[in-house]
Structures are given as C-alpha cells and as structure tokens.
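Q: I am attaching a structure below and will ask some questions about it afterwards.
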Amino acid sequence: MRLSNRTLFVIRPIPPYDFELTVRKPAGWSLLNPLEVYREGTLWTATHFDRELVGIRLTGKGTVEHPRIDVAIFSSKRHGAGWAAGAEKLLSSMLGADQDLSQFYSFAKRDGILKHVIDDLYGMHDTFSNTIFSEAVLAILLQMAPLKRSNEMMVSFINEYGDTVEFDGERIRAWPTPQKMANVDQEELARRCRVGYRAKSIIKLAKRLLAVDFPSAEELERMDSDRAREALLELPGIGDYSADIINPHGGFPIDVWSAEVFGKLFFGKEPRNNRDAVERVKREGIRRWGKWAWMAFFYTVQDLEGLSRKLGTRIRLT
DNA sequence: GCGTCCAGGTCTACC
DNA sequence: GGTAGACCTGGACGC
C-alpha cells in the first residue's frame with residue numbers, strides 16, 4: 001500500500017530527552033516493531049491509528065536539553081486538523097515525550113545501582129505501543145525461548161502476516177492486526193512462523209480482543225495499575241510476567257533470565273535456581289524501588305554492559 | 001551424528 | 001487453593 005498524504009507537526013518533549021536512546025534503546029528494543037528503519041537521526045515505522053495503517057517518519061532535532069521531534073505521518077486518506085491533533089497527542093504519549101524524569105532521577109541518584117544507569121542513559125524515555133495486540137504477541141513470543149529465537153519468531157510473524165506500506169522512499173511492514181489473525185488457522189501459523197504451541201495463544205488472543213470490548217492501550221493507561229493488570233490477565237496466554245510487560249503503568253517483569261541478572265545485582269551472587277528465585281527477586285525489586293520499580297527495571301536492562309563495568313560484576317547480557 | 005536437556009511462562013488436570 | 005507436568009522448537013552439550 002502506497003501512502004502519499006502527509007500530516008506534519010512538531011513534538012517538543014519534556015527535557016532531558018535523548019531521541020536516539022529513546023527510539024533505539026541500547027538493549028535492542030525497537031519503538032514499534034523490529035523491522036522499522038533508523039538512519040542518521042531519523043526513524044521510519046508504521047502502525048495503526050483507529051484501524052488505519054499509517055507510516056511515520058520521526059526526526060530528532062535540537063539537543064537533549066532542548067529537544068524537538070519533527071513528525072510526518074503518511075496516510076492513504078487526507079485528514080483534517082482534528083485528526084492531526086489526535087495523532088499528535090497519541091504519538092507524544094507513545095514517545096514518552098510528556099514524561100517528566102526529574103522525580104525518578106532524584107530517587108535514582110540515591111540508589112547504588114540506579115545512580116550508574118541514569119548517568120549512562122541520561123535522557124532516555126520509556127515508550128509504548130498504541131496497540132495491545134502487538135504488545136501481547138511480543139510477550140507471548142518471549143515465553144520459554146532464548147532471545148534469539150524470540151526475535152526470529154517475531155520477524156517471521158511480521159513478515160508472514162503484516163501489511164507493507166510504502167512512503168517517503170521506504171517500505172515498512174507493520175505488526176499484523178487481530179482482525180487478520182483471528183481468521184488464520186492455528187496450525188498454519190505454527191508451521192509458517194515456527195512459533196510452536198504459542199500459535200494457539202496468538203489466535204485465541206486475536207479472537208478475544210475482537211469478541212469483547214477490551215480496553216485500548218490509552219484506556220488501560222487511564223485505569224489504575226492493578227485494574228489494568230487484572231484486565232490483561234484475562235487475555236489468553238498472558239500471565240504474571242507478560243502482564244507486567246504490557247501494562248502501560250509498568251510492572252516488575254521478572255523471568256528466569258532477569259532473576260539471574262537482578263539476583264546478582266541485589267544479592268551479589270547468581271541464584272542457585274533461577275526459576276525458583278523469580279518470586280524472591282521480584283519481591284526485593286518492589287521493596288527496594290517501590291513505585292519506581294518499572295523505570296528501574298527498564299533503565300537497568302538497557303545498561304547491563306555499563307553496570308558490569310562499573311560494579312565489577314559479570315552480568316549475562318542476553 | 002545422535003540423544004538429552006533446557007530456555008527471558010502459561011495453562012490445565014489433578015489432588 | 002496449590003502444584004506437577006505438558007507444551008514447540010532449536011541450540012548447547014556430552015558421548
């Protein structure tokens with residue numbers, strides 16, 4: 001699909017805001033999907049706004065202390081000022097442009113681990129996708145697989161079932177939609193994308209999101225954190241760990257790998273059994289970081305190399 | 001080359 | 001209400 005109509009506007013994030021760190025996070029987390037393109041300060045990506053597939057070009061301008069993002073949204077239809085205002089509000093939120101980091105930084109400066117990561121990643125904001133389906137599928141594909149295999153499943157899923165848009169000289173594939181996946185055969189999905197038993201959860205998830213009036217990402221953000229989490233736990237294939245990943249309020253998503261990492265940071269040694277240590281490590285993280293647990297988790301996993309160096313602790317990176 | 005184990009969880013049957 | 005076992009696949013490891 002070729003997208004030729006452009007809507008232009010500027011976003012001025014709350015400083016400090018490091019555009020590159022925010023849209024291309026050091027641990028390899030992409031803004032919206034792993035197939036988006038980043039080149040010399042500009043990101044090309046694609047998503048759905050109100051079920052309409054749009055292309056997005058973001059260019060970081062200014063400095064960390066005086067940031068500016070030039071935005072171009074490419075669509076097949078022409079849109080008016082009202083649509084543009086809605087898109088600007090949504091994208092600002094997705095880019096974390098309205099996050100004020102000052103309180104988190106004040107807290108982090110007094111913590112033996114966090115004081116290092118906020119120094120290394122100064123100005124990195126948290127971002128989130130506007131579609132629950134993509135976040136939930138990502139969480140499902142992370143389950144019971146090494147990161148390399150999760151990435152392979154993710155790329156295969158997007159290539160096999162995502163729509164391609166052409167805009168601004170780029171070709172970008174977007175995450176598949178629940179509308180499309182609800183009609184796909186489970187065995188076909190498993191075979192084409194090598195996702196194994198996860199295919200069942202993905203198809204059931206797509207059907208559930210279409211069948212009931214499930215809250216949107218924005219609605220989940222307006223709920224209190226516990227209520228949002230409860231809603232997410234009702235989705236097929238979404239348990240404790242995945243709900244913490246998807247929840248716009250953030251959680252403390254400890255799995256086998258992060259139990260090892262945080263176990264080492266908290267207690268100075270690797271747990272004897274990572275799977276058994278998950279609950280203990282999670283409790284300690286929430287006790288230590290309280291309402292900042294998500295931001296602390298987010299910053300820490302992006303800076304494991306820096307922390308290994310500064311703390312003199314060998315941490316497994318992936 | 002082959003068999004076994006296990007990995008960045010979740011669900012379900014069984015007690 | 002608590003928990004053991006199953007679940008796709010592919011890489012690592014031992015033999």
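Following the order of the structure tokens, first chain is A, next is B, and so on, with residues numbered from 1 inside each chain and ligands from 1 in the order they appear.
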Give me, as a PyMOL selection string, the contact residues of chain B against chain A at a cut-off of 8 Å, counting only C-alpha atoms (C1' of nucleotides).

A: chain B and resi 7-10

Q: May I ask you to extract the residues of chain C within 8 Å of chain A, using only C-alpha atoms (C1' of nucleotides), and to give them as a list of chain:residue names?

A: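 Using only C-alpha atoms (C1' of nucleotides), chain C residues at most 8 Å from chain A: C:DC7, C:DC8, C:DT9, C:DG10.
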
Q: Next, dump the selected residues to file, keeping only N, CA and C atoms (P, O5', C5', C4', C3', O3' and C1' of nucleotides), as a PDB file, in the first residue's frame.

A:
ATOM      1  P    DC C   7       2.527 -32.796  25.484  1.00  0.00           P
ATOM      2  O5'  DC C   7       2.740 -31.284  24.998  1.00  0.00           O
ATOM      3  C5'  DC C   7       1.672 -30.347  25.066  1.00  0.00           C
ATOM      4  C4'  DC C   7       2.214 -28.959  24.847  1.00  0.00           C
ATOM      5  C3'  DC C   7       3.274 -28.866  23.734  1.00  0.00           C
ATOM      6  O3'  DC C   7       2.898 -27.866  22.808  1.00  0.00           O
ATOM      7  C1'  DC C   7       3.952 -27.694  25.653  1.00  0.00           C
ATOM      8  P    DC C   8       2.146 -28.271  21.493  1.00  0.00           P
ATOM      9  O5'  DC C   8       3.067 -27.655  20.361  1.00  0.00           O
ATOM     10  C5'  DC C   8       4.282 -28.246  20.018  1.00  0.00           C
ATOM     11  C4'  DC C   8       5.074 -27.188  19.310  1.00  0.00           C
ATOM     12  C3'  DC C   8       6.218 -27.724  18.462  1.00  0.00           C
ATOM     13  O3'  DC C   8       6.248 -26.944  17.269  1.00  0.00           O
ATOM     14  C1'  DC C   8       7.034 -26.170  20.048  1.00  0.00           C
ATOM     15  P    DT C   9       7.162 -27.336  16.038  1.00  0.00           P
ATOM     16  O5'  DT C   9       8.552 -26.658  16.393  1.00  0.00           O
ATOM     17  C5'  DT C   9       8.638 -25.253  16.529  1.00  0.00           C
ATOM     18  C4'  DT C   9      10.014 -24.881  17.014  1.00  0.00           C
ATOM     19  C3'  DT C   9      11.154 -25.606  16.286  1.00  0.00           C
ATOM     20  O3'  DT C   9      11.855 -24.627  15.566  1.00  0.00           O
ATOM     21  C1'  DT C   9      11.496 -25.520  18.645  1.00  0.00           C
ATOM     22  P    DG C  10      12.989 -24.996  14.515  1.00  0.00           P
ATOM     23  O5'  DG C  10      14.311 -24.690  15.341  1.00  0.00           O
ATOM     24  C5'  DG C  10      14.494 -23.409  15.917  1.00  0.00           C
ATOM     25  C4'  DG C  10      15.684 -23.450  16.840  1.00  0.00           C
ATOM     26  C3'  DG C  10      16.925 -24.123  16.252  1.00  0.00           C
ATOM     27  O3'  DG C  10      18.054 -23.426  16.735  1.00  0.00           O
ATOM     28  C1'  DG C  10      16.347 -25.195  18.225  1.00  0.00           C
TER      29       DG C  10
END

Q: Please return, as a PyMOL selection string, all residues of region 43-286 of chain A that DSSP assigns to helix (DSSP H, G or I) on the basis of the backbone.

A: chain A and resi 81-94+102-108+114-120+132-142+147-161+178-181+186-193+198-211+217-222+225-233+240-246+256-267+274-286

Q: Taking only region 79-311 of chain A into account, list the residues labelled strand (DSSP E or B) by DSSP (computed from the backbone), as a VMD selection string.

A: chain A and resid 164 to 167 170 to 173

Q: Report as a list in words all protein, DNA and RNA residues lying within 9 Å of Pro16 (chain A), evaluated on only C-alpha atoms (C1' of nucleotides), omitting residues in the same chain fewer than 5 positions from it.

A: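 Residues meeting the cut-off are Thr63, Val64, Glu65, His66, Pro67, Asp100, Leu101, Ser102, Tyr122, Gly123, Met124 and His125 of chain A.
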
Q: Write out as a VMD selection string which residues come within 10 Å of Ala87 (chain A) when counting only C-alpha atoms (C1' of nucleotides), dropping same-chain ones fewer than 2 positions away.

A: chain A and resid 7 9 49 to 50 73 81 to 85 89 to 93

Q: What's the 12 Å shell around Glu135 (chain A), counting only C-alpha atoms (C1' of nucleotides), without same-chain residues fewer than 3 positions away, as a PDB file with N, CA, C and O atoms, in the first residue's frame?

A:
ATOM      1  N   SER A  30      12.961  -2.008  19.937  1.00  0.00           N
ATOM      2  CA  SER A  30      12.560  -1.046  18.916  1.00  0.00           C
ATOM      3  C   SER A  30      11.403  -0.196  19.442  1.00  0.00           C
ATOM      4  O   SER A  30      10.845  -0.490  20.492  1.00  0.00           O
ATOM      5  N   LEU A  31      11.042   0.853  18.686  1.00  0.00           N
ATOM      6  CA  LEU A  31       9.916   1.693  19.130  1.00  0.00           C
ATOM      7  C   LEU A  31       8.593   0.940  18.938  1.00  0.00           C
ATOM      8  O   LEU A  31       7.832   0.782  19.883  1.00  0.00           O
ATOM      9  N   LEU A  32       8.322   0.476  17.710  1.00  0.00           N
ATOM     10  CA  LEU A  32       7.056  -0.214  17.451  1.00  0.00           C
ATOM     11  C   LEU A  32       7.225  -1.620  16.911  1.00  0.00           C
ATOM     12  O   LEU A  32       6.450  -2.504  17.236  1.00  0.00           O
ATOM     13  N   ASN A  33       8.211  -1.831  16.047  1.00  0.00           N
ATOM     14  CA  ASN A  33       8.435  -3.202  15.591  1.00  0.00           C
ATOM     15  C   ASN A  33       9.869  -3.372  15.098  1.00  0.00           C
ATOM     16  O   ASN A  33      10.527  -2.405  14.715  1.00  0.00           O
ATOM     17  N   THR A 127       8.847   4.248  26.204  1.00  0.00           N
ATOM     18  CA  THR A 127       7.873   4.402  25.108  1.00  0.00           C
ATOM     19  C   THR A 127       6.899   3.229  25.152  1.00  0.00           C
ATOM     20  O   THR A 127       7.168   2.228  25.814  1.00  0.00           O
ATOM     21  N   PHE A 128       5.763   3.355  24.477  1.00  0.00           N
ATOM     22  CA  PHE A 128       4.869   2.190  24.401  1.00  0.00           C
ATOM     23  C   PHE A 128       4.091   2.202  23.102  1.00  0.00           C
ATOM     24  O   PHE A 128       3.944   3.233  22.445  1.00  0.00           O
ATOM     25  N   SER A 129       3.634   1.002  22.736  1.00  0.00           N
ATOM     26  CA  SER A 129       2.867   0.848  21.503  1.00  0.00           C
ATOM     27  C   SER A 129       1.414   1.217  21.764  1.00  0.00           C
ATOM     28  O   SER A 129       0.916   1.055  22.864  1.00  0.00           O
ATOM     29  N   ASN A 130       0.720   1.699  20.739  1.00  0.00           N
ATOM     30  CA  ASN A 130      -0.689   2.052  20.895  1.00  0.00           C
ATOM     31  C   ASN A 130      -1.598   0.858  20.635  1.00  0.00           C
ATOM     32  O   ASN A 130      -2.806   0.987  20.710  1.00  0.00           O
ATOM     33  N   THR A 131      -1.035  -0.307  20.314  1.00  0.00           N
ATOM     34  CA  THR A 131      -1.889  -1.469  20.066  1.00  0.00           C
ATOM     35  C   THR A 131      -1.554  -2.595  21.049  1.00  0.00           C
ATOM     36  O   THR A 131      -0.425  -3.047  21.121  1.00  0.00           O
ATOM     37  N   ILE A 132      -2.566  -3.011  21.806  1.00  0.00           N
ATOM     38  CA  ILE A 132      -2.392  -4.072  22.805  1.00  0.00           C
ATOM     39  C   ILE A 132      -1.989  -5.380  22.140  1.00  0.00           C
ATOM     40  O   ILE A 132      -1.170  -6.131  22.663  1.00  0.00           O
ATOM     41  N   LEU A 138       4.126  -9.919  21.364  1.00  0.00           N
ATOM     42  CA  LEU A 138       5.556  -9.823  21.733  1.00  0.00           C
ATOM     43  C   LEU A 138       5.816 -10.583  23.034  1.00  0.00           C
ATOM     44  O   LEU A 138       6.764 -11.379  23.129  1.00  0.00           O
ATOM     45  N   ALA A 139       4.957 -10.368  24.020  1.00  0.00           N
ATOM     46  CA  ALA A 139       5.130 -11.038  25.316  1.00  0.00           C
ATOM     47  C   ALA A 139       5.018 -12.553  25.162  1.00  0.00           C
ATOM     48  O   ALA A 139       5.800 -13.311  25.744  1.00  0.00           O
ATOM     49  N   ILE A 140       4.069 -13.009  24.344  1.00  0.00           N
ATOM     50  CA  ILE A 140       3.888 -14.461  24.140  1.00  0.00           C
ATOM     51  C   ILE A 140       5.116 -15.061  23.452  1.00  0.00           C
ATOM     52  O   ILE A 140       5.575 -16.151  23.801  1.00  0.00           O
ATOM     53  N   LEU A 141       5.672 -14.318  22.489  1.00  0.00           N
ATOM     54  CA  LEU A 141       6.830 -14.857  21.760  1.00  0.00           C
ATOM     55  C   LEU A 141       8.107 -14.838  22.607  1.00  0.00           C
ATOM     56  O   LEU A 141       9.085 -15.503  22.274  1.00  0.00           O
ATOM     57  N   LEU A 142       8.086 -14.084  23.703  1.00  0.00           N
ATOM     58  CA  LEU A 142       9.244 -14.082  24.605  1.00  0.00           C
ATOM     59  C   LEU A 142       9.228 -15.283  25.554  1.00  0.00           C
ATOM     60  O   LEU A 142      10.228 -15.581  26.196  1.00  0.00           O
ATOM     61  N   MET A 154       9.388 -13.404  15.965  1.00  0.00           N
ATOM     62  CA  MET A 154       8.762 -12.091  15.795  1.00  0.00           C
ATOM     63  C   MET A 154       8.889 -11.604  14.353  1.00  0.00           C
ATOM     64  O   MET A 154       7.919 -11.184  13.725  1.00  0.00           O
ATOM     65  N   TRP A 175       3.007  -4.513  12.315  1.00  0.00           N
ATOM     66  CA  TRP A 175       2.529  -5.692  13.054  1.00  0.00           C
ATOM     67  C   TRP A 175       1.189  -6.134  12.468  1.00  0.00           C
ATOM     68  O   TRP A 175       0.337  -5.301  12.154  1.00  0.00           O
ATOM     69  N   PRO A 176       0.971  -7.436  12.356  1.00  0.00           N
ATOM     70  CA  PRO A 176      -0.343  -7.936  11.937  1.00  0.00           C
ATOM     71  C   PRO A 176      -1.432  -7.486  12.917  1.00  0.00           C
ATOM     72  O   PRO A 176      -1.146  -7.221  14.080  1.00  0.00           O
ATOM     73  N   THR A 177      -2.651  -7.418  12.436  1.00  0.00           N
ATOM     74  CA  THR A 177      -3.763  -6.963  13.280  1.00  0.00           C
ATOM     75  C   THR A 177      -4.546  -8.153  13.827  1.00  0.00           C
ATOM     76  O   THR A 177      -4.532  -9.246  13.217  1.00  0.00           O
ATOM     77  N   PRO A 178      -5.285  -7.964  14.925  1.00  0.00           N
ATOM     78  CA  PRO A 178      -6.144  -9.059  15.410  1.00  0.00           C
ATOM     79  C   PRO A 178      -7.204  -9.424  14.382  1.00  0.00           C
ATOM     80  O   PRO A 178      -7.588 -10.595  14.287  1.00  0.00           O
ATOM     81  N   ILE A 202      -1.908 -17.019  20.350  1.00  0.00           N
ATOM     82  CA  ILE A 202      -1.996 -15.836  19.485  1.00  0.00           C
ATOM     83  C   ILE A 202      -3.363 -15.760  18.801  1.00  0.00           C
ATOM     84  O   ILE A 202      -3.988 -14.700  18.765  1.00  0.00           O
ATOM     85  N   LEU A 205      -5.991 -15.020  21.413  1.00  0.00           N
ATOM     86  CA  LEU A 205      -5.844 -13.614  21.814  1.00  0.00           C
ATOM     87  C   LEU A 205      -6.525 -12.691  20.803  1.00  0.00           C
ATOM     88  O   LEU A 205      -7.283 -11.789  21.178  1.00  0.00           O
ATOM     89  N   SER A 216      -8.606  -0.175  25.242  1.00  0.00           N
ATOM     90  CA  SER A 216      -7.462   0.168  24.395  1.00  0.00           C
ATOM     91  C   SER A 216      -6.263   0.477  25.290  1.00  0.00           C
ATOM     92  O   SER A 216      -6.391   0.583  26.516  1.00  0.00           O
ATOM     93  N   ALA A 217      -5.090   0.649  24.667  1.00  0.00           N
ATOM     94  CA  ALA A 217      -3.882   0.978  25.428  1.00  0.00           C
ATOM     95  C   ALA A 217      -4.077   2.281  26.210  1.00  0.00           C
ATOM     96  O   ALA A 217      -3.659   2.390  27.372  1.00  0.00           O
ATOM     97  N   LEU A 232      -5.554  -7.350  31.817  1.00  0.00           N
ATOM     98  CA  LEU A 232      -4.575  -8.032  30.960  1.00  0.00           C
ATOM     99  C   LEU A 232      -4.486  -9.523  31.279  1.00  0.00           C
ATOM    100  O   LEU A 232      -4.320 -10.357  30.383  1.00  0.00           O
ATOM    101  N   ILE A 238      -1.596 -14.743  28.551  1.00  0.00           N
ATOM    102  CA  ILE A 238      -0.981 -13.659  29.318  1.00  0.00           C
ATOM    103  C   ILE A 238      -1.043 -13.997  30.798  1.00  0.00           C
ATOM    104  O   ILE A 238      -2.121 -14.087  31.384  1.00  0.00           O
ATOM    105  N   SER A 242       3.945 -11.616  31.573  1.00  0.00           N
ATOM    106  CA  SER A 242       3.539 -10.897  30.364  1.00  0.00           C
ATOM    107  C   SER A 242       2.706  -9.672  30.709  1.00  0.00           C
ATOM    108  O   SER A 242       2.843  -8.617  30.063  1.00  0.00           O
ATOM    109  N   ALA A 243       1.840  -9.771  31.711  1.00  0.00           N
ATOM    110  CA  ALA A 243       1.013  -8.619  32.103  1.00  0.00           C
ATOM    111  C   ALA A 243       1.899  -7.462  32.557  1.00  0.00           C
ATOM    112  O   ALA A 243       1.617  -6.291  32.267  1.00  0.00           O
ATOM    113  N   ASP A 244       2.985  -7.788  33.244  1.00  0.00           N
ATOM    114  CA  ASP A 244       3.908  -6.734  33.695  1.00  0.00           C
ATOM    115  C   ASP A 244       4.618  -6.060  32.523  1.00  0.00           C
ATOM    116  O   ASP A 244       5.013  -4.906  32.597  1.00  0.00           O
ATOM    117  N   ILE A 245       4.811  -6.802  31.436  1.00  0.00           N
ATOM    118  CA  ILE A 245       5.444  -6.216  30.245  1.00  0.00           C
ATOM    119  C   ILE A 245       4.467  -5.296  29.521  1.00  0.00           C
ATOM    120  O   ILE A 245       4.823  -4.218  29.064  1.00  0.00           O
ATOM    121  N   ILE A 246       3.209  -5.720  29.419  1.00  0.00           N
ATOM    122  CA  ILE A 246       2.230  -4.980  28.609  1.00  0.00           C
ATOM    123  C   ILE A 246       1.645  -3.776  29.352  1.00  0.00           C
ATOM    124  O   ILE A 246       1.348  -2.751  28.747  1.00  0.00           O
ATOM    125  N   ASN A 247       1.486  -3.904  30.655  1.00  0.00           N
ATOM    126  CA  ASN A 247       0.814  -2.867  31.454  1.00  0.00           C
ATOM    127  C   ASN A 247       1.440  -1.487  31.213  1.00  0.00           C
ATOM    128  O   ASN A 247       2.617  -1.283  31.468  1.00  0.00           O
ATOM    129  N   PRO A 248       0.655  -0.512  30.703  1.00  0.00           N
ATOM    130  CA  PRO A 248       1.215   0.822  30.453  1.00  0.00           C
ATOM    131  C   PRO A 248       1.734   1.488  31.737  1.00  0.00           C
ATOM    132  O   PRO A 248       2.564   2.390  31.666  1.00  0.00           O
TER     133      PRO A 248
END

Q: Rounded to one decimal place, report the CA of Phe252 (chain A)-CA of Glu152 (chain A) distance in Å.

A: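 Result for CA of Phe252 (chain A) versus CA of Glu152 (chain A): 25.1 Å, one decimal.
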
Q: Rounded to one decimal, what separation in Å do you get between CA of Phe74 (chain A) and CA of Met153 (chain A)?

A: 28.1 Å

Q: Identify, on the basis of only C-alpha atoms (C1' of nucleotides), every residue whose closest approach to Thr47 (chain A) does not exceed 6 Å; exclude the query and any residue fewer than 2 positions from it along the same chain; express the result as a list of chain:residue names.

A: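 The residues satisfying every condition are A:Leu53, A:Val54, A:Ala174.
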
Q: Using C-alpha atoms, can you write the selected residues to a file as a short mmCIF file (atom, residue, chain, number, x, y, z; two decimals), in the first residue's frame?

A:
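Result file follows (part04.cif):
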data_model
loop_
_atom_site.label_atom_id
_atom_site.label_comp_id
_atom_site.auth_asym_id
_atom_site.auth_seq_id
_atom_site.Cartn_x
_atom_site.Cartn_y
_atom_site.Cartn_z
CA LEU A 53 -2.48 1.82 8.65
CA VAL A 54 -0.14 4.82 8.65
CA ALA A 174 3.57 -3.26 10.32
#
